[in-house]
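File shown: work_38.txt. Contents: compact mmCIF, C-alpha atoms.
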# COMPACT_ATOMS: atom_id res chain seq x y z
CA ASP I 1 0.00 0.00 0.00
CA ASN I 2 1.03 3.69 -0.06
CA GLN I 3 2.43 3.60 3.48
CA GLN I 4 4.73 0.71 2.66
CA VAL I 5 5.88 2.43 -0.51
CA GLU I 6 6.64 5.63 1.37
CA ALA I 7 8.58 3.70 4.01
CA LEU I 8 10.61 1.95 1.33
CA LEU I 9 11.37 5.20 -0.46
CA SER I 10 12.45 6.83 2.79
CA ALA I 11 14.79 3.97 3.64
CA LEU I 12 16.33 3.86 0.17
CA GLY I 13 16.81 7.61 0.28
CA ARG I 14 19.20 7.14 3.19
CA SER I 15 21.18 4.42 1.43
CA ASP I 16 24.90 4.94 0.88
CA ASP I 17 24.76 3.22 -2.53
CA ALA I 18 22.48 5.24 -4.79
CA THR I 19 22.92 2.85 -7.69
CA LYS I 20 21.68 -0.17 -5.76
CA SER I 21 18.79 1.86 -4.39
CA LEU I 22 17.75 2.96 -7.85
CA LYS I 23 17.97 -0.57 -9.21
CA LEU I 24 15.72 -1.82 -6.43
CA LEU I 25 13.27 1.04 -6.94
CA GLY I 26 13.33 0.48 -10.67
CA ASN I 27 11.73 -2.93 -10.21
CA TYR I 28 8.58 -1.16 -9.03
CA ALA I 29 8.75 1.98 -11.17
CA GLY I 30 6.66 0.54 -13.97
CA LYS I 31 3.76 -0.12 -11.60
CA VAL I 32 4.14 2.33 -8.70
CA LYS I 33 3.94 6.02 -9.54
CA GLN I 34 5.91 7.13 -6.45
CA ALA I 35 8.73 4.76 -7.33
CA LYS I 36 8.88 6.06 -10.89
CA GLU I 37 9.04 9.66 -9.70
CA ALA I 38 11.74 8.79 -7.16
CA VAL I 39 13.91 6.98 -9.71
CA THR I 40 13.60 9.87 -12.17
CA LYS I 41 14.60 12.39 -9.52
CA MET I 42 17.46 10.37 -8.02
CA MET I 43 18.95 9.47 -11.41
CA LYS I 44 20.16 13.07 -11.76
CA GLN I 45 22.34 12.55 -8.70
CA VAL I 46 24.43 9.68 -10.08
CA SER I 47 27.26 9.85 -12.61
CA PRO I 48 26.57 9.32 -16.35
CA PRO I 49 28.17 5.83 -16.31
CA GLN I 50 25.97 4.84 -13.34
CA ALA I 51 22.90 6.33 -15.01
CA ARG I 52 23.74 4.38 -18.14
CA GLU I 53 23.80 1.12 -16.17
CA LEU I 54 20.45 1.92 -14.59
CA ILE I 55 18.84 2.80 -17.90
CA ARG I 56 20.14 -0.42 -19.46
CA ASP I 57 19.23 -2.78 -16.61
CA VAL I 58 16.12 -1.15 -15.18
CA MET I 59 14.37 1.05 -17.73
CA LEU I 60 14.96 -0.55 -21.13
CA PRO I 61 14.15 -4.25 -20.59
CA LYS I 62 10.83 -5.24 -22.15
CA ARG I 63 9.45 -6.24 -18.74
CA ALA I 64 9.72 -2.59 -17.63
CA GLY I 65 6.77 -1.65 -19.83
CA VAL I 66 6.42 0.77 -22.72
CA GLY I 67 6.07 3.92 -20.62
CA TRP I 68 9.20 3.19 -18.63
CA GLN I 69 11.16 2.24 -21.76
CA VAL I 70 10.21 5.53 -23.43
CA ALA I 71 11.28 7.42 -20.31
CA GLY I 72 14.62 5.59 -20.40
CA LEU I 73 15.19 6.50 -24.05
CA LYS I 74 14.57 10.16 -23.26
CA LYS I 75 17.03 10.03 -20.36
CA ILE I 76 19.79 8.85 -22.70
CA SER I 77 19.92 12.19 -24.50
CA GLU I 78 18.85 14.29 -21.52
CA LEU I 79 21.71 13.02 -19.32
CA LYS I 80 24.19 12.73 -22.23
CA ILE I 81 24.76 9.05 -21.50
CA PRO I 82 28.07 7.70 -22.94
CA ASN I 83 28.02 5.09 -25.72
CA PRO I 84 24.29 5.46 -26.36
CA LEU I 85 24.21 3.24 -29.44
CA GLU I 86 24.30 0.05 -27.38
CA LEU I 87 21.29 1.25 -25.40
CA TYR I 88 19.35 2.16 -28.52
CA ARG I 89 20.04 -1.28 -29.95
CA LYS I 90 18.88 -2.93 -26.74
CA ALA I 91 15.53 -1.12 -26.86
CA TRP I 92 15.29 -1.62 -30.64
CA ASN I 93 15.71 -5.39 -30.40
CA ASP I 94 16.28 -5.70 -34.17
CA GLY I 95 13.00 -3.91 -34.80
CA HIS I 96 10.97 -6.35 -32.69
CA CYS I 97 9.68 -3.64 -30.39
CA GLN I 98 6.40 -1.85 -29.70
CA ARG I 99 5.59 1.01 -32.10
CA ASP I 100 6.14 3.80 -29.54
CA ILE I 101 9.57 2.36 -28.76
CA ALA I 102 10.38 2.17 -32.47
CA GLY I 103 9.38 5.80 -33.00
CA ASN I 104 11.41 7.03 -30.06
CA VAL I 105 14.52 5.05 -31.00
CA LEU I 106 14.44 6.30 -34.59
CA ALA I 107 13.87 9.87 -33.43
CA GLN I 108 16.78 9.63 -30.98
CA VAL I 109 19.29 8.22 -33.49
CA ALA I 110 18.07 10.63 -36.19
CA THR I 111 18.71 13.70 -34.05
CA ALA I 112 21.82 12.56 -32.15
CA SER I 113 24.99 14.44 -33.07
CA ASP I 114 27.52 11.85 -31.91
CA LEU I 115 26.53 8.78 -33.93
CA SER I 116 28.11 7.61 -37.18
CA PRO I 117 25.70 7.48 -40.13
CA GLU I 118 26.87 3.98 -41.03
CA ASP I 119 26.28 2.76 -37.49
CA VAL I 120 22.62 3.78 -37.50
CA ARG I 121 21.60 3.38 -41.15
CA SER I 122 20.24 -0.13 -40.52
CA PHE I 123 17.63 1.20 -38.06
CA PHE I 124 15.81 2.95 -40.89
CA GLY I 125 15.47 -0.29 -42.82
CA PHE I 126 12.38 -0.62 -40.63
CA PHE I 127 10.44 1.25 -43.31
CA ASP I 128 11.37 -1.34 -45.94
CA LEU I 129 10.10 -4.36 -44.01
CA PRO I 130 6.78 -5.75 -45.34
CA GLN I 131 6.03 -7.33 -41.94
CA LYS I 132 6.11 -3.86 -40.33
CA GLU I 133 3.80 -2.24 -42.88
CA ASP I 134 0.93 -1.80 -40.41
CA LEU I 135 3.20 0.13 -38.00
CA GLN I 136 5.15 2.25 -40.46
CA ALA I 137 2.76 5.19 -40.84
CA TYR I 138 2.43 5.57 -37.05
CA VAL I 139 6.19 5.40 -36.49
CA ALA I 140 6.86 7.72 -39.43
CA ASP I 141 4.43 10.30 -38.07
CA PHE I 142 6.24 10.38 -34.72
CA LEU I 143 9.68 10.54 -36.36
CA LEU I 144 8.68 13.40 -38.65
CA ASP I 145 7.36 15.42 -35.71
CA GLN I 146 10.81 15.26 -34.12
CA LEU I 147 12.68 16.03 -37.33
CA MET I 148 10.55 19.09 -38.04
CA GLU I 149 11.81 20.62 -34.80
CA SER I 150 15.40 20.54 -36.09
CA LYS I 151 16.47 22.46 -39.20
CA GLU I 152 19.81 20.65 -39.43
CA TRP I 153 20.11 16.89 -39.69
CA THR I 154 23.40 15.10 -39.01
CA LEU I 155 22.57 12.00 -41.06
CA PRO I 156 23.05 12.65 -44.80
CA PHE I 157 20.84 9.71 -45.83
CA LEU I 158 17.79 10.99 -43.91
CA PRO I 159 16.30 13.01 -46.81
CA GLY I 160 16.18 9.82 -48.87
CA VAL I 161 14.37 8.03 -46.05
CA ILE I 162 11.86 10.88 -45.76
CA ALA I 163 11.17 10.73 -49.51
CA LYS I 164 10.04 7.11 -49.04
CA LEU I 165 7.83 8.08 -46.12
CA ALA I 166 5.98 10.57 -48.34
CA VAL I 167 4.11 7.67 -49.96
CA LEU I 168 2.83 6.30 -46.63
CA PRO I 169 -0.86 7.06 -46.00
CA GLY I 170 -1.41 10.04 -43.72
CA VAL I 171 2.14 11.40 -43.58
CA THR I 172 2.68 12.77 -47.10
CA ASN I 173 2.34 16.45 -46.23
CA LYS I 174 4.33 16.10 -43.03
CA ALA I 175 7.19 14.42 -44.91
CA MET I 176 7.22 17.27 -47.43
CA SER I 177 7.22 19.85 -44.62
CA ALA I 178 10.15 18.12 -42.92
CA LEU I 179 12.21 18.17 -46.14
CA ARG I 180 11.41 21.82 -46.74
CA ALA I 181 12.32 22.81 -43.19
CA ASN I 182 15.73 21.16 -43.35
CA THR I 183 18.68 23.40 -44.25
CA SER I 184 21.49 20.81 -44.26
CA HIS I 185 22.67 18.36 -46.96
CA PRO I 186 21.31 20.36 -49.94
CA THR I 187 22.19 17.75 -52.57
CA GLU I 188 20.41 14.98 -50.67
CA VAL I 189 17.40 17.22 -49.99
CA LEU I 190 17.13 18.16 -53.67
CA LYS I 191 17.24 14.48 -54.66
CA ALA I 192 14.51 13.68 -52.16
CA LEU I 193 12.31 16.59 -53.26
CA THR I 194 12.72 15.61 -56.91
CA GLN I 195 11.62 12.07 -56.08
CA VAL I 196 8.59 13.25 -54.10
CA MET I 197 7.49 15.79 -56.70
CA GLN I 198 7.85 13.28 -59.51
CA THR I 199 5.67 10.84 -57.57
CA ALA I 200 3.16 13.62 -56.88
CA ARG I 201 2.99 14.59 -60.55
CA LEU I 202 2.37 10.99 -61.61
CA ALA I 203 -0.22 10.58 -58.84
CA ALA I 204 -2.07 13.63 -60.12
CA ARG I 205 -2.50 11.90 -63.46
CA SER I 206 -3.83 8.70 -61.89
CA GLU I 207 -6.03 10.09 -59.11
CA SER I 208 -9.29 9.90 -61.03
CA SER I 209 -8.84 6.16 -61.61
CA VAL I 210 -8.39 5.33 -57.92
CA LYS I 211 -11.54 4.36 -56.02
CA ASP I 212 -12.41 5.51 -52.50
CA GLY I 213 -10.24 4.17 -49.70
CA PRO I 214 -6.79 4.70 -48.15
CA ASP I 215 -5.14 4.82 -51.57
CA SER I 216 -7.58 7.49 -52.69
CA GLN I 217 -6.60 9.75 -49.79
CA LEU I 218 -2.92 9.10 -50.43
CA PHE I 219 -3.34 10.15 -54.07
CA LYS I 220 -5.17 13.29 -52.98
CA ASP I 221 -2.38 14.13 -50.53
CA LEU I 222 0.25 13.61 -53.22
CA ARG I 223 -1.68 15.68 -55.72
CA SER I 224 -1.90 18.54 -53.22
CA LEU I 225 1.88 18.82 -53.43
CA THR I 226 1.53 20.00 -57.04
CA SER I 227 -0.68 22.97 -56.17
CA VAL I 228 0.56 26.47 -56.93
CA SER I 229 0.84 27.43 -53.24
CA THR I 230 2.77 24.29 -52.28
CA VAL I 231 5.19 24.51 -55.21
CA ARG I 232 5.81 28.20 -54.56
CA SER I 233 6.37 27.62 -50.82
CA CYS I 234 8.78 24.79 -51.60
CA LEU I 235 10.81 26.98 -53.94
CA ASN I 236 10.84 29.86 -51.47
CA ASP I 237 12.07 27.56 -48.68
CA LEU I 238 14.89 26.32 -50.89
CA THR I 239 16.17 29.85 -51.43
CA LYS I 240 17.07 29.83 -47.72
CA MET I 241 19.33 26.82 -48.24
CA ASP I 242 22.92 27.06 -49.42
CA LEU I 243 22.40 25.60 -52.89
CA ASP I 244 25.69 26.91 -54.25
CA GLY I 245 27.44 23.85 -52.84
CA SER I 246 24.91 21.35 -54.14
CA ASP I 247 25.65 18.95 -57.00
CA SER I 248 24.81 20.81 -60.22
CA ALA I 249 23.37 17.71 -61.93
CA VAL I 250 21.03 17.09 -59.00
CA LEU I 251 19.98 20.73 -58.92
CA LEU I 252 19.31 20.66 -62.67
CA ALA I 253 17.18 17.51 -62.30
CA PHE I 254 15.16 19.23 -59.57
CA PHE I 255 14.69 22.33 -61.73
CA ALA I 256 13.53 20.18 -64.66
CA GLU I 257 10.97 18.39 -62.48
CA MET I 258 9.62 21.61 -61.02
CA LEU I 259 9.44 23.12 -64.51
CA LYS I 260 7.14 20.23 -65.48
CA SER I 261 4.94 21.05 -62.50
CA TRP I 262 4.79 24.68 -63.58
CA GLU I 263 3.91 23.67 -67.15
CA ASN I 264 1.12 21.41 -65.91
CA LEU I 265 -0.27 24.21 -63.77
CA GLU I 266 -0.15 26.54 -66.77
CA TRP I 267 -2.11 24.18 -69.00
CA GLU I 268 -4.76 23.79 -66.33
CA GLN I 269 -5.48 27.52 -66.58
CA PRO I 270 -7.88 29.01 -69.16
CA LYS I 271 -5.92 30.15 -72.19
CA GLU I 272 -6.57 33.82 -71.52
CA LYS I 273 -5.13 33.57 -67.99
CA ARG I 274 -1.90 31.82 -68.86
CA GLY I 275 1.31 33.74 -68.20
CA GLN I 276 -0.37 35.98 -65.66
CA GLY I 277 -0.57 36.44 -61.89
CA GLU I 278 0.58 33.44 -59.86
CA SER I 279 2.03 31.82 -62.96
CA VAL I 280 4.54 34.64 -63.36
CA THR I 281 5.40 34.67 -59.65
CA LEU I 282 5.93 30.93 -59.66
CA LEU I 283 8.17 31.09 -62.73
CA GLN I 284 10.24 33.81 -61.09
CA SER I 285 10.76 31.62 -58.02
CA LEU I 286 11.73 28.76 -60.28
CA LEU I 287 14.25 30.88 -62.16
CA ALA I 288 15.76 31.97 -58.84
CA ILE I 289 16.55 28.30 -58.21
CA TRP I 290 17.91 27.90 -61.75
CA SER I 291 20.25 30.85 -61.19
CA LYS I 292 22.11 28.73 -58.62
CA LEU I 293 23.42 26.74 -61.58
CA LEU I 294 25.33 29.77 -62.86
CA ARG I 295 28.60 28.99 -61.17
CA LYS I 296 32.01 30.30 -61.91
CA GLY I 297 34.06 27.81 -63.88
CA GLN I 298 31.02 25.78 -64.96
CA VAL I 299 30.03 27.61 -68.15
CA SER I 300 28.91 24.35 -69.81
CA THR I 301 26.17 24.00 -67.21
CA TRP I 302 24.77 27.40 -68.10
CA ALA I 303 23.98 26.29 -71.62
CA GLU I 304 22.17 23.21 -70.33
Write out the structure in this file as structure tokens.
Amino acid sequence: DNQQVEALLSALGRSDDATKSLKLLGNYAGKVKQAKEAVTKMMKQVSPPQARELIRDVMLPKRAGVGWQVAGLKKISELKIPNPLELYRKAWNDGHCQRDIAGNVLAQVATASDLSPEDVRSFFGFFDLPQKEDLQAYVADFLLDQLMESKEWTLPFLPGVIAKLAVLPGVTNKAMSALRANTSHPTEVLKALTQVMQTARLAARSESSVKDGPDSQLFKDLRSLTSVSTVRSCLNDLTKMDLDGSDSAVLLAFFAEMLKSWENLEWEQPKEKRGQGESVTLLQSLLAIWSKLLRKGQVSTWAE
């Protein structure tokens, strides 16, 4: 009962070995609110190596429960725990984990600044596994929320991952927003945006042939990416990125794809309204991106 819990907490609070006390408390933290609060508070008083041991042995095991595992994952970054990759892998369990755990692990490794891209690339293979298809949209939604809070990503392959997520039901617009908000890895972002916009343009052609259902909504979401406002916003966001250092061939491919979008939008307008208003503004934004191809020493690219 509550009295027994309070007595236990009081006794452990006087213990000379904080680590042992926390390990004992941790056995009850998943079920007893007071124990969970006590462990969270006392963990700040131990050294990072000790906290790491507690997170590994007490908070991350599956028996601890989802809520306690998520709390442990958050403590890894909050307390700057050394060698975090081992802990992430423990919670990840080769992808055989609950969806909230999967989302938190991917968000943590995606936003960590001290992990090698090659060491964490395999985590994102989660989105390629057919057996995880029913969890992917949920996990992607959580991951994208975290990525949108950071304008700079340390993992250069992330834009490519996000481009794949854009074709998951319910997360298309959020994936596009995440790519547009990012200001790092311009070449990779341009590749990803080209892939997404190409998919959106093809989806716009096929939308009418898709019946009602999840696929219908996905096609509508993809088609919305080809609207004048979305295309213009995308181009305006890119002007804030340092495109001068991007690969010229990739930038040219992006320009060509966006030019097709502009042409399609033009043909959708009545003949008397073509070349006016938003069309002109959009073309100007597009040409501002093209101007980034005019680089000193690369005259041949200008002609292309």
If we count all atoms listed in the file, what is near I:Leu79 at a cut-off of 9 Å, once residues fewer than 3 positions away on the same chain are taken out, given as an mmCIF file with C-alpha atoms, keeping the file's coordinate frame?
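Contents of out_33.cif, freshly written:
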data_model
loop_
_atom_site.group_PDB
_atom_site.id
_atom_site.type_symbol
_atom_site.label_atom_id
_atom_site.label_comp_id
_atom_site.auth_asym_id
_atom_site.auth_seq_id
_atom_site.Cartn_x
_atom_site.Cartn_y
_atom_site.Cartn_z
ATOM 1 C CA LYS I 44 20.160 13.070 -11.760
ATOM 2 C CA PRO I 48 26.570 9.320 -16.350
ATOM 3 C CA ALA I 51 22.900 6.330 -15.010
ATOM 4 C CA ARG I 52 23.740 4.380 -18.140
ATOM 5 C CA LYS I 74 14.570 10.160 -23.260
ATOM 6 C CA LYS I 75 17.030 10.030 -20.360
ATOM 7 C CA ILE I 76 19.790 8.850 -22.700
#
Next item on the list: Go through I:Asn264, I:Thr194, I:Ser216, I:Thr187 and flag the residue nearest I:Pro169, using all atoms listed in the file for the distances.
Entry: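 When distances to I:Pro169 are compared using all atoms listed in the file, the smallest one comes from I:Ser216.
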Check: Which one of I:Ser248, I:Ser113, I:Asn173, I:Ser261 sits closest to I:Leu202 if you count only C-alpha atoms?
Finding: I:Ser261
Next item on the list: Could you tell me which of I:Leu287, I:Leu143, I:Ala107, I:Val228 comes closest to I:Phe255 if we count all atoms listed in the file?
Entry: I:Leu287
Item checked: Separation of atom CA of I:Gln136 from atom CA of I:Leu155 in Å -> 20.0 Å
Next item on the list: Have a look at I:Leu54, I:Gly125, I:Trp262, I:Pro156 and name the one nearest to I:Glu188; count all atoms listed in the file.
Entry: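 That would be I:Pro156, the residue with the smallest distance to I:Glu188.
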Notebook entry, point to check: Rounded to one decimal in Å, what is the spacing between atom CA of I:Lys220 and atom CA of I:Leu265?
Noted result: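 Going from atom CA of I:Lys220 over to atom CA of I:Leu265 covers 16.1 Å.
One finds atom CA of I:Tyr138 at 26.4 Å from atom CA of I:Val231.
With all atoms listed in the file as the basis for measurement, I:Ser177 is the residue among I:Ala204, I:Ser177, I:Ala166, I:Asp114 that approaches I:Asp145 most closely.
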Notebook entry, point to check: Do you know which residues are at most 9 Å from I:His185 counting only C-alpha atoms, after dropping those on the same chain fewer than 5 positions away, and could you put them as a list of chain:residue names?
Noted result: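 In the requested form, the answer reads I:Glu152, I:Trp153, I:Thr154, I:Leu155, I:Pro156, I:Phe157, I:Pro159, I:Leu190, I:Ser246.
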Within 10 Å of (6.6, 36.0, -51.5) (file coordinates; all atoms listed in the file), which protein or nucleic acid residues are there? I'd like them as a short mmCIF file (atom, residue, chain, number, x, y, z; two decimals) with C-alpha atoms, in the frame of the given file.
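result-v8.cif, written as the output of this step:
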data_model
loop_
_atom_site.label_atom_id
_atom_site.label_comp_id
_atom_site.auth_asym_id
_atom_site.auth_seq_id
_atom_site.Cartn_x
_atom_site.Cartn_y
_atom_site.Cartn_z
CA ARG I 232 5.81 28.20 -54.56
CA SER I 233 6.37 27.62 -50.82
CA ASN I 236 10.84 29.86 -51.47
CA THR I 281 5.40 34.67 -59.65
CA LEU I 282 5.93 30.93 -59.66
CA SER I 285 10.76 31.62 -58.02
#
Checklist line | Answer as a ChimeraX atom specification, residues within 12 Å of (7.5, 18.1, -63.7) using only C-alpha atoms | finding: /I:193-205,225-226,231,253-266,286
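Each of I:Ser77, I:Gln131, I:Asn83, I:Ser224 was compared to I:Gly95 using all atoms listed in the file, and I:Gln131 turns out to be the nearest.
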May I ask you to restore all heavy atoms in stretch 252-263 of chain I and write the result as a tab-separated table (two decimals), in the coordinates of the input?
chain	number	residue	atom	x	y	z
I	252	LEU	N	19.93	20.55	-61.34
I	252	LEU	CA	19.31	20.66	-62.67
I	252	LEU	C	18.13	19.70	-62.80
I	252	LEU	O	17.09	20.05	-63.36
I	252	LEU	CB	20.35	20.36	-63.75
I	252	LEU	CG	19.90	20.53	-65.20
I	252	LEU	CD1	19.45	21.96	-65.46
I	252	LEU	CD2	21.01	20.13	-66.16
I	253	ALA	N	18.27	18.49	-62.26
I	253	ALA	CA	17.18	17.51	-62.30
I	253	ALA	C	15.98	18.01	-61.50
I	253	ALA	O	14.82	17.85	-61.92
I	253	ALA	CB	17.66	16.17	-61.74
I	254	PHE	N	16.25	18.67	-60.37
I	254	PHE	CA	15.16	19.23	-59.57
I	254	PHE	C	14.47	20.35	-60.34
I	254	PHE	O	13.23	20.43	-60.38
I	254	PHE	CB	15.71	19.77	-58.25
I	254	PHE	CG	14.70	20.54	-57.45
I	254	PHE	CD1	13.71	19.88	-56.73
I	254	PHE	CD2	14.71	21.93	-57.42
I	254	PHE	CE1	12.76	20.59	-56.00
I	254	PHE	CE2	13.78	22.65	-56.70
I	254	PHE	CZ	12.79	21.97	-55.99
I	255	PHE	N	15.25	21.22	-60.95
I	255	PHE	CA	14.69	22.33	-61.73
I	255	PHE	C	13.81	21.79	-62.86
I	255	PHE	O	12.70	22.29	-63.10
I	255	PHE	CB	15.82	23.19	-62.30
I	255	PHE	CG	15.35	24.22	-63.28
I	255	PHE	CD1	14.78	25.41	-62.84
I	255	PHE	CD2	15.47	24.01	-64.65
I	255	PHE	CE1	14.33	26.36	-63.74
I	255	PHE	CE2	15.02	24.96	-65.56
I	255	PHE	CZ	14.45	26.15	-65.10
I	256	ALA	N	14.28	20.75	-63.55
I	256	ALA	CA	13.53	20.18	-64.66
I	256	ALA	C	12.19	19.60	-64.18
I	256	ALA	O	11.15	19.77	-64.84
I	256	ALA	CB	14.35	19.08	-65.34
I	257	GLU	N	12.20	18.96	-63.02
I	257	GLU	CA	10.97	18.39	-62.48
I	257	GLU	C	9.99	19.48	-62.07
I	257	GLU	O	8.78	19.39	-62.35
I	257	GLU	CB	11.29	17.48	-61.27
I	257	GLU	CG	10.07	16.82	-60.65
I	257	GLU	CD	9.30	15.98	-61.64
I	257	GLU	OE1	9.92	15.24	-62.44
I	257	GLU	OE2	8.05	16.07	-61.63
I	258	MET	N	10.50	20.52	-61.45
I	258	MET	CA	9.62	21.61	-61.02
I	258	MET	C	9.10	22.39	-62.23
I	258	MET	O	7.99	22.94	-62.20
I	258	MET	CB	10.36	22.54	-60.06
I	258	MET	CG	10.80	21.87	-58.77
I	258	MET	SD	9.44	21.13	-57.85
I	258	MET	CE	8.76	22.55	-57.01
I	259	LEU	N	9.89	22.45	-63.29
I	259	LEU	CA	9.44	23.12	-64.51
I	259	LEU	C	8.24	22.37	-65.10
I	259	LEU	O	7.30	22.98	-65.61
I	259	LEU	CB	10.58	23.20	-65.52
I	259	LEU	CG	10.31	24.00	-66.79
I	259	LEU	CD1	9.98	25.46	-66.46
I	259	LEU	CD2	11.51	23.93	-67.74
I	260	LYS	N	8.27	21.04	-65.01
I	260	LYS	CA	7.14	20.23	-65.48
I	260	LYS	C	5.90	20.54	-64.66
I	260	LYS	O	4.79	20.62	-65.20
I	260	LYS	CB	7.48	18.74	-65.39
I	260	LYS	CG	8.53	18.28	-66.38
I	260	LYS	CD	8.85	16.81	-66.17
I	260	LYS	CE	9.98	16.36	-67.11
I	260	LYS	NZ	10.35	14.94	-66.88
I	261	SER	N	6.07	20.71	-63.36
I	261	SER	CA	4.94	21.05	-62.50
I	261	SER	C	4.35	22.40	-62.90
I	261	SER	O	3.13	22.58	-62.95
I	261	SER	CB	5.38	21.08	-61.03
I	261	SER	OG	5.78	19.80	-60.59
I	262	TRP	N	5.25	23.35	-63.16
I	262	TRP	CA	4.79	24.68	-63.58
I	262	TRP	C	4.04	24.59	-64.92
I	262	TRP	O	2.99	25.22	-65.09
I	262	TRP	CB	5.98	25.63	-63.71
I	262	TRP	CG	5.60	26.96	-64.27
I	262	TRP	CD1	5.01	28.01	-63.61
I	262	TRP	CD2	5.76	27.40	-65.63
I	262	TRP	NE1	4.80	29.06	-64.46
I	262	TRP	CE2	5.24	28.71	-65.72
I	262	TRP	CE3	6.29	26.81	-66.78
I	262	TRP	CZ2	5.25	29.44	-66.90
I	262	TRP	CZ3	6.29	27.53	-67.96
I	262	TRP	CH2	5.78	28.83	-68.01
I	263	GLU	N	4.56	23.82	-65.85
I	263	GLU	CA	3.91	23.67	-67.15
I	263	GLU	C	2.52	23.05	-67.00
I	263	GLU	O	1.56	23.48	-67.66
I	263	GLU	CB	4.77	22.81	-68.07
I	263	GLU	CG	6.06	23.50	-68.52
I	263	GLU	CD	6.98	22.57	-69.28
I	263	GLU	OE1	6.79	21.33	-69.18
I	263	GLU	OE2	7.88	23.06	-69.97
